[in-house]
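Engineer: Okay, here's the structure, questions in a sec.
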Amino acid sequence: MPSGKTTATYRDPHRPVDERVEDLLSRMTLEEKAGQLFHSMLSMNADGTFATDGPFVHAPTPELIEGRGLTHFNLIGQYGVRETAQWVNRVQELAASTRLGIPVTLSTDPRHAFTDNPGASFDSGAFSAWPEPLGLAAIGDPALVERFGDTVRREYLAVGFRVALHPQIDLATEPRWSRQSGTFGSSAELTSELVRAYVRGLQGTRLGPDSVAAMVKHFPGGGPQKDGEDPHFAHGKEQIYPGGMREYHLRPFKAAVEAGCSQVMPYYGQPMGTDWEEVGFGFNRDVLTGLLRERLGFDGIVCTDWGLLTDAPVLGELFPARAWGAEHLTVAERAAKALDAGSDQFGGEQCPEVIVELVRSGRVTEERIDESVRRLLREKFTLGLFEHPYVDPDRAEETVGAGEFTALGEAAQRRSLTVLTNHGLLPLEGRPNLYARGISEQVAAAYGNVVPDPVDADLAVLRLRTPHEERPGLFESFFHSGSLAFPEDELKEILRLLDAVPTLVCVNLERPAVLPEIAAKAAALVADYGASDTALLDVAFGRARAQGRLPFELPRSMAAVEASRPDVPDDTEDPVFPYGHGLNLCPPEG
């Protein structure tokens with residue numbers, strides 16, 4: 001060891017984590033502490049270099065890390081595996097060059113299914129493709145969900161993601177709500193069971209160097225949205241409980257905390273008509289301190305949902321801060337209110353100077369900032385980021401989308417398919433003349449003789465998506481909301497096909513579609529929650545077995561939906577199919 005030099009305690013991996021945290025905290029300036037309280041967004045260029053412009057680039061990467069002291073980021077967008085790993089290493093090299101060398105913690109929204117919404121998730125791309133969480137709920141197998149979580153962990157670790165901005169454990173109790181595909185459905189009991197398995201898969205039995213930290217969301221349950229509108233938008237900010245089911249929505253979060261989840265994200269929603277303060281949950285002391293910290297005993301990181309403090313452009317459109325109930329407050333007042341409520345970190349924000357001014361003005365104590373910084377630093381040390389911040393691009397390419405993981409995901413797609421009706425059509429045999437709509441003709445040709453006109457077909461295969469209303473604005477267009485019923489003209493066209501030829505209809509249920517007429521006329525009706533055309537046809541021809549059961553009921557009409565209570569599970573009158581419905585197919589003879 002060079003004369004006169006000793007290793008700083010926080011750099012010594014043999015010292016207890018709490019000692020390392022306190023040593024590093026004692027060396028930090030107020031500005032460096034403030035930087036830890038922000039979990040902002042980054043994107044990258046396709047070649048793995050730092051992006052200098054783009055819809056989610058609000059400041060250059062070096063400025064955020066070197067200038068503002070941020071060390072927590074979520075990566076937006078899809079890129080090559082090697083390039084992502086190389087970019088991660090560049091980010092960590094930049095962080096290592098700063099005064100204290102605090103490594104960056106990188107997070108991501110879900111990347112293992114079929115939904116592509118830049119505000120919520122990305123389709124699988126190079127990662128193994130699984131059904132949406134709704135599909136995992138349709139299977140209902142905790143062992144499979146733990147295996148899924150472990151697969152996510154291994155693929156994320158390979159490219160350097162250390163925080164999963166999931167699982168989403170809201171309950172799908174309002175049929176119109178746009179975020180249901182990311183949930184485990186309407187059952188608090190099943191969701192509680194599956195979140196325990198998911199957290200085990202991501203974190204292991206305890207958080208450590210081989211873990212990906214789970215940020216469960218959206219506390220205390222984001223399902224009961226008034227009229228099913230989403231609180232990303234001002235017209236969807238109200239969350240209501242006309243059925244008195246607050247405790248029901250809380251149950252999965254109790255399970256997640258008991259399972260040791262490392263982080264929790266409160267939702268944007270503003271509770272109305274309760275004994276809680278009528279402010280968004282990220283500002284809500286009744287919910288974050290009274291409920292989460294004190295009643296549930298959670299001592300991990302609370303990170304707000306993205307964009308609570310400042311107005312900011314999203315995909316080229318200026319959006320107001322989602323400071324519901326606190327719109328009248330200044331940015332600094334909002335930050336102080338969130339800290340007072342119990343939040344540790346601000347998602348999607350990058351204004352540490354606001355925290356510095358709050359402390360210097362006396363509005364917030366430095367001790368309060370230290371409380372949150374301790375939690376944030378402790379996780380970095382526990383994850384082993386100070387010892388192993390870099391990844392191996394070769395290993396990343398071998399791991400992401402590996403054959404083992406891909407096979408598991410494809411098998412889960414098949415298992416999740418849910419047979420709702422079957423009037424003697426399935427399983428199919430031989431090589432029938434097939435008319436295909438909404439399905440790849442190239443894939444269909446491997447199973448039958450594809451014909452261009454249904455009049456020449458022995459049967460048709462039709463894939464549909466849950467209807468939704470078109471909304472103005474690019475960002476809101478990704479959040480499928482409003483009516484669940486097929487428009488009249490589209491329904492007539494569908495029924496015309498069903499009258500013309502025996503038809504296998506497969507509907508993708510990102511929300512509970514209203515389809516009584518289709519259910520009555522289809523020769524067979526199958527639900528999917530993210531499955532390839534090959535997965536569907538393998539099940540249709542008896543080469544694989546569908547095991548799915550509906551993770552929520554399918555309503556009979558929009559009138560029934562509108563009359564239901566948004567906090568009560570499966571509350572529509574006379575549903576076409578109840579929760580848990582699903583048929584077993586007999587394999588073909590011989």
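Just so we're on the same page: first chain in the structure tokens is A, next is B, and so on; residues restart at 1 for each chain, and ligands are numbered from 1 in the order they show up.
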With only C-alpha atoms as the counted atoms, please give the residues lying no more than 8 Å from segment 201-218 of chain A, apart from itself and same-chain residues fewer than 4 positions off, as an NGL selection string.
Structural biologist: :A and (145-153 or 156-157 or 161-170 or 197 or 222 or 253 or 256 or 260-267 or 382-385)
Engineer: Based on the selection just made, write N, CA and C atoms of those residues as a tab-separated table (two decimals), in the first residue's frame.
Structural biologist:
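Saved as result10.tsv:
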```tsv
chain	number	residue	atom	x	y	z
A	145	VAL	N	-44.05	-18.26	-12.22
A	145	VAL	CA	-43.78	-16.83	-12.05
A	145	VAL	C	-42.41	-16.62	-11.41
A	146	GLU	N	-42.04	-17.48	-10.46
A	146	GLU	CA	-40.70	-17.36	-9.89
A	146	GLU	C	-39.64	-17.65	-10.95
A	147	ARG	N	-39.89	-18.63	-11.80
A	147	ARG	CA	-38.95	-18.93	-12.90
A	147	ARG	C	-38.89	-17.76	-13.87
A	148	PHE	N	-40.03	-17.13	-14.13
A	148	PHE	CA	-40.05	-15.94	-14.98
A	148	PHE	C	-39.21	-14.84	-14.34
A	149	GLY	N	-39.44	-14.55	-13.05
A	149	GLY	CA	-38.68	-13.52	-12.37
A	149	GLY	C	-37.18	-13.80	-12.41
A	150	ASP	N	-36.82	-15.06	-12.27
A	150	ASP	CA	-35.41	-15.43	-12.33
A	150	ASP	C	-34.83	-15.23	-13.73
A	151	THR	N	-35.64	-15.52	-14.75
A	151	THR	CA	-35.20	-15.28	-16.12
A	151	THR	C	-34.98	-13.79	-16.37
A	152	VAL	N	-35.93	-12.98	-15.92
A	152	VAL	CA	-35.78	-11.53	-16.03
A	152	VAL	C	-34.50	-11.08	-15.33
A	153	ARG	N	-34.30	-11.60	-14.12
A	153	ARG	CA	-33.10	-11.24	-13.34
A	153	ARG	C	-31.83	-11.55	-14.14
A	156	TYR	N	-31.54	-9.26	-17.23
A	156	TYR	CA	-31.25	-7.88	-16.83
A	156	TYR	C	-29.81	-7.73	-16.33
A	157	LEU	N	-29.37	-8.64	-15.47
A	157	LEU	CA	-28.01	-8.56	-14.94
A	157	LEU	C	-26.98	-8.55	-16.06
A	161	PHE	N	-28.94	-3.87	-15.91
A	161	PHE	CA	-30.11	-3.34	-15.21
A	161	PHE	C	-30.15	-3.93	-13.80
A	162	ARG	N	-30.24	-3.06	-12.79
A	162	ARG	CA	-30.22	-3.54	-11.41
A	162	ARG	C	-31.52	-3.26	-10.66
A	163	VAL	N	-32.43	-2.52	-11.26
A	163	VAL	CA	-33.74	-2.27	-10.67
A	163	VAL	C	-34.80	-2.55	-11.71
A	164	ALA	N	-35.79	-3.38	-11.35
A	164	ALA	CA	-36.95	-3.62	-12.22
A	164	ALA	C	-38.07	-2.68	-11.78
A	165	LEU	N	-38.56	-1.87	-12.69
A	165	LEU	CA	-39.70	-0.99	-12.38
A	165	LEU	C	-40.99	-1.81	-12.49
A	166	HIS	N	-41.01	-2.89	-11.81
A	166	HIS	CA	-42.10	-3.86	-11.77
A	166	HIS	C	-41.73	-4.88	-10.70
A	167	PRO	N	-42.67	-5.72	-10.25
A	167	PRO	CA	-43.98	-6.01	-10.82
A	167	PRO	C	-45.04	-4.96	-10.49
A	168	GLN	N	-46.03	-4.91	-11.38
A	168	GLN	CA	-47.19	-4.05	-11.19
A	168	GLN	C	-48.28	-4.90	-10.54
A	169	ILE	N	-48.64	-4.58	-9.32
A	169	ILE	CA	-49.56	-5.45	-8.57
A	169	ILE	C	-50.86	-4.74	-8.22
A	170	ASP	N	-51.23	-3.74	-9.04
A	170	ASP	CA	-52.58	-3.18	-8.96
A	170	ASP	C	-53.58	-4.28	-9.31
A	197	ALA	N	-43.77	-14.80	-5.42
A	197	ALA	CA	-42.92	-15.59	-6.31
A	197	ALA	C	-42.07	-14.70	-7.21
A	222	GLY	N	-53.52	0.91	-7.84
A	222	GLY	CA	-53.98	1.89	-8.82
A	222	GLY	C	-55.19	1.50	-9.62
A	253	PHE	N	-49.78	-5.59	-1.72
A	253	PHE	CA	-48.63	-4.84	-1.24
A	253	PHE	C	-48.16	-5.35	0.12
A	256	ALA	N	-46.06	-8.19	-0.85
A	256	ALA	CA	-44.79	-7.77	-1.43
A	256	ALA	C	-43.81	-7.31	-0.36
A	260	GLY	N	-40.10	-8.98	1.01
A	260	GLY	CA	-38.84	-8.26	1.03
A	260	GLY	C	-38.57	-7.37	-0.16
A	261	CYS	N	-39.61	-6.94	-0.87
A	261	CYS	CA	-39.37	-6.06	-2.02
A	261	CYS	C	-38.54	-4.86	-1.58
A	262	SER	N	-37.61	-4.47	-2.43
A	262	SER	CA	-36.66	-3.43	-2.06
A	262	SER	C	-37.22	-2.02	-2.21
A	263	GLN	N	-38.14	-1.84	-3.17
A	263	GLN	CA	-38.64	-0.50	-3.47
A	263	GLN	C	-40.14	-0.54	-3.71
A	264	VAL	N	-40.78	0.61	-3.52
A	264	VAL	CA	-42.21	0.77	-3.77
A	264	VAL	C	-42.42	2.07	-4.52
A	265	MET	N	-43.29	2.04	-5.53
A	265	MET	CA	-43.67	3.24	-6.27
A	265	MET	C	-45.14	3.56	-5.97
A	266	PRO	N	-45.42	4.73	-5.39
A	266	PRO	CA	-46.82	5.15	-5.25
A	266	PRO	C	-47.36	5.66	-6.58
A	267	TYR	N	-48.69	5.57	-6.73
A	267	TYR	CA	-49.29	5.97	-8.02
A	267	TYR	C	-49.55	7.47	-8.06
A	382	THR	N	-25.47	-3.00	-1.25
A	382	THR	CA	-26.01	-4.35	-1.14
A	382	THR	C	-26.01	-5.05	-2.49
A	383	LEU	N	-26.28	-4.32	-3.55
A	383	LEU	CA	-26.28	-4.90	-4.90
A	383	LEU	C	-24.87	-5.14	-5.43
A	384	GLY	N	-23.83	-4.69	-4.69
A	384	GLY	CA	-22.46	-4.92	-5.13
A	384	GLY	C	-22.00	-4.01	-6.24
A	385	LEU	N	-22.68	-2.88	-6.42
A	385	LEU	CA	-22.34	-1.99	-7.54
A	385	LEU	C	-20.97	-1.34	-7.38
```
Engineer: Which residue out of A:Thr61, A:Thr52, A:Asn89, A:Gln270 has the minimum interatomic distance to Pro389 of chain A when only C-alpha atoms are used?
Structural biologist: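 Looking at the shortest contact to Pro389 of chain A, the residue is A:Asn89.
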Engineer: For each of A:Leu464, A:Tyr435, A:Pro62, A:Gly325, take the minimum atom-to-atom distance to Pro452 of chain A, counting only C-alpha atoms, then give the residue where this is smallest.
Structural biologist: A:Tyr435
Engineer: Got a sec: who's within 10 Å of Phe281 of chain A, counting only C-alpha atoms, leaving out chain neighbours fewer than 4 positions off, as a VMD selection string?
Structural biologist: chain A and resid 218 to 220 222 265 to 271 276 to 277 285 to 288 304 to 305 323 to 325 338 341 343
Engineer: Counting only C-alpha atoms, figure out which residue out of A:Ala560, A:Cys303, A:Ala523, A:Ile65 gets nearest to Arg375 of chain A.
Structural biologist: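 Under the stated criterion, the closest residue is A:Cys303.
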Engineer: Smallest atom-to-atom distance to Gly221 of chain A: which of A:Ala321, A:Leu171, A:Val501, A:Val514, using only C-alpha atoms?
Structural biologist: A:Leu171
Engineer: Determine the nearest neighbour of Asn45 of chain A from the options A:Glu229, A:Glu31, A:Glu83, A:Glu258, counting only C-alpha atoms.
Structural biologist: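 Going through A:Glu229, A:Glu31, A:Glu83, A:Glu258 one by one, the smallest distance to Asn45 of chain A is for A:Glu83.
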Engineer: Using only C-alpha atoms, which residue out of A:Arg368, A:His235, A:Arg90, A:Lys521 lies closest to His423 of chain A?
Structural biologist: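 The answer is A:Lys521, which sits nearest to His423 of chain A.
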Engineer: Set the distance at 8 Å and use only C-alpha atoms: which residues neighbour Arg11 of chain A once local chain neighbours fewer than 2 positions away are removed? I'd like the list as a JSON list (two decimals) with N, CA, C and O atoms, in the first residue's frame.
Structural biologist:
```
[["chain", "number", "residue", "atom", "x", "y", "z"],
["A", 7, "THR", "N", -7.40, 3.01, 2.30],
["A", 7, "THR", "CA", -8.63, 2.89, 1.54],
["A", 7, "THR", "C", -9.78, 3.47, 2.33],
["A", 7, "THR", "O", -9.93, 3.18, 3.53],
["A", 8, "ALA", "N", -10.56, 4.31, 1.70],
["A", 8, "ALA", "CA", -11.73, 4.86, 2.37],
["A", 8, "ALA", "C", -12.64, 3.70, 2.79],
["A", 8, "ALA", "O", -12.78, 2.71, 2.07],
["A", 9, "THR", "N", -13.26, 3.86, 3.95],
["A", 9, "THR", "CA", -14.11, 2.79, 4.47],
["A", 9, "THR", "C", -15.18, 2.39, 3.46],
["A", 9, "THR", "O", -15.47, 1.21, 3.27],
["A", 13, "PRO", "N", -14.84, -3.51, 0.59],
["A", 13, "PRO", "CA", -15.96, -4.47, 0.53],
["A", 13, "PRO", "C", -16.05, -5.37, 1.75],
["A", 13, "PRO", "O", -17.06, -6.06, 1.94],
["A", 20, "ARG", "N", -20.11, 1.44, 5.65],
["A", 20, "ARG", "CA", -19.75, 2.03, 4.36],
["A", 20, "ARG", "C", -20.70, 3.15, 4.01],
["A", 20, "ARG", "O", -20.29, 4.20, 3.49],
["A", 386, "PHE", "N", -20.54, -1.10, -6.15],
["A", 386, "PHE", "CA", -19.22, -0.49, -5.97],
["A", 386, "PHE", "C", -18.11, -1.45, -6.38],
["A", 386, "PHE", "O", -17.05, -1.02, -6.83]]
```
Engineer: Please provide the set of residues having any atom within 7 Å of segment 399-408 of chain A, restricted to only C-alpha atoms, with same-chain residues fewer than 5 positions apart removed, written as a VMD selection string.
Structural biologist: chain A and resid 126 to 129 151 155 158
Engineer: Export N, CA, C and O atoms of the chosen residues as a PDB file, in the first residue's frame?
Structural biologist:
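File produced: out14.pdb:
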```pdb
ATOM      1  N   ALA A 126     -34.929  -8.164 -28.084  1.00  0.00           N
ATOM      2  CA  ALA A 126     -33.933  -9.235 -27.999  1.00  0.00           C
ATOM      3  C   ALA A 126     -34.140 -10.140 -26.792  1.00  0.00           C
ATOM      4  O   ALA A 126     -33.577 -11.237 -26.727  1.00  0.00           O
ATOM      5  N   PHE A 127     -34.960  -9.712 -25.821  1.00  0.00           N
ATOM      6  CA  PHE A 127     -35.183 -10.498 -24.617  1.00  0.00           C
ATOM      7  C   PHE A 127     -36.184 -11.624 -24.897  1.00  0.00           C
ATOM      8  O   PHE A 127     -36.920 -11.592 -25.877  1.00  0.00           O
ATOM      9  N   SER A 128     -36.207 -12.605 -24.027  1.00  0.00           N
ATOM     10  CA  SER A 128     -37.160 -13.701 -24.204  1.00  0.00           C
ATOM     11  C   SER A 128     -38.584 -13.173 -24.094  1.00  0.00           C
ATOM     12  O   SER A 128     -38.872 -12.299 -23.272  1.00  0.00           O
ATOM     13  N   ALA A 129     -39.477 -13.689 -24.944  1.00  0.00           N
ATOM     14  CA  ALA A 129     -40.852 -13.183 -25.035  1.00  0.00           C
ATOM     15  C   ALA A 129     -41.796 -14.085 -24.251  1.00  0.00           C
ATOM     16  O   ALA A 129     -41.924 -15.277 -24.544  1.00  0.00           O
ATOM     17  N   THR A 151     -35.639 -15.518 -14.747  1.00  0.00           N
ATOM     18  CA  THR A 151     -35.205 -15.277 -16.124  1.00  0.00           C
ATOM     19  C   THR A 151     -34.981 -13.793 -16.367  1.00  0.00           C
ATOM     20  O   THR A 151     -33.966 -13.379 -16.953  1.00  0.00           O
ATOM     21  N   GLU A 155     -31.353 -12.051 -17.381  1.00  0.00           N
ATOM     22  CA  GLU A 155     -31.190 -11.258 -18.600  1.00  0.00           C
ATOM     23  C   GLU A 155     -30.888  -9.797 -18.270  1.00  0.00           C
ATOM     24  O   GLU A 155     -30.076  -9.155 -18.943  1.00  0.00           O
ATOM     25  N   ALA A 158     -27.241  -9.322 -17.091  1.00  0.00           N
ATOM     26  CA  ALA A 158     -26.272  -9.443 -18.182  1.00  0.00           C
ATOM     27  C   ALA A 158     -26.000  -8.109 -18.860  1.00  0.00           C
ATOM     28  O   ALA A 158     -24.876  -7.866 -19.323  1.00  0.00           O
TER      29      ALA A 158
END
```
Engineer: Can you work out the spacing between atom CA of Leu537 of chain A and atom CA of Ala500 of chain A in Å, to one decimal?
Structural biologist: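 Separating atom CA of Leu537 of chain A from atom CA of Ala500 of chain A is a distance of 20.9 Å.
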Engineer: Would you compute the distance between atom CA of Thr6 of chain A and atom CA of Asp23 of chain A? Give it in Å to one decimal.
Structural biologist: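 Result for atom CA of Thr6 of chain A versus atom CA of Asp23 of chain A: 13.6 Å, one decimal.
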Engineer: Quick one: residues within 10 Å of segment 70-75 of chain A, only C-alpha atoms, excluding same-chain residues fewer than 4 positions away - as a count of residues only?
Structural biologist: 49
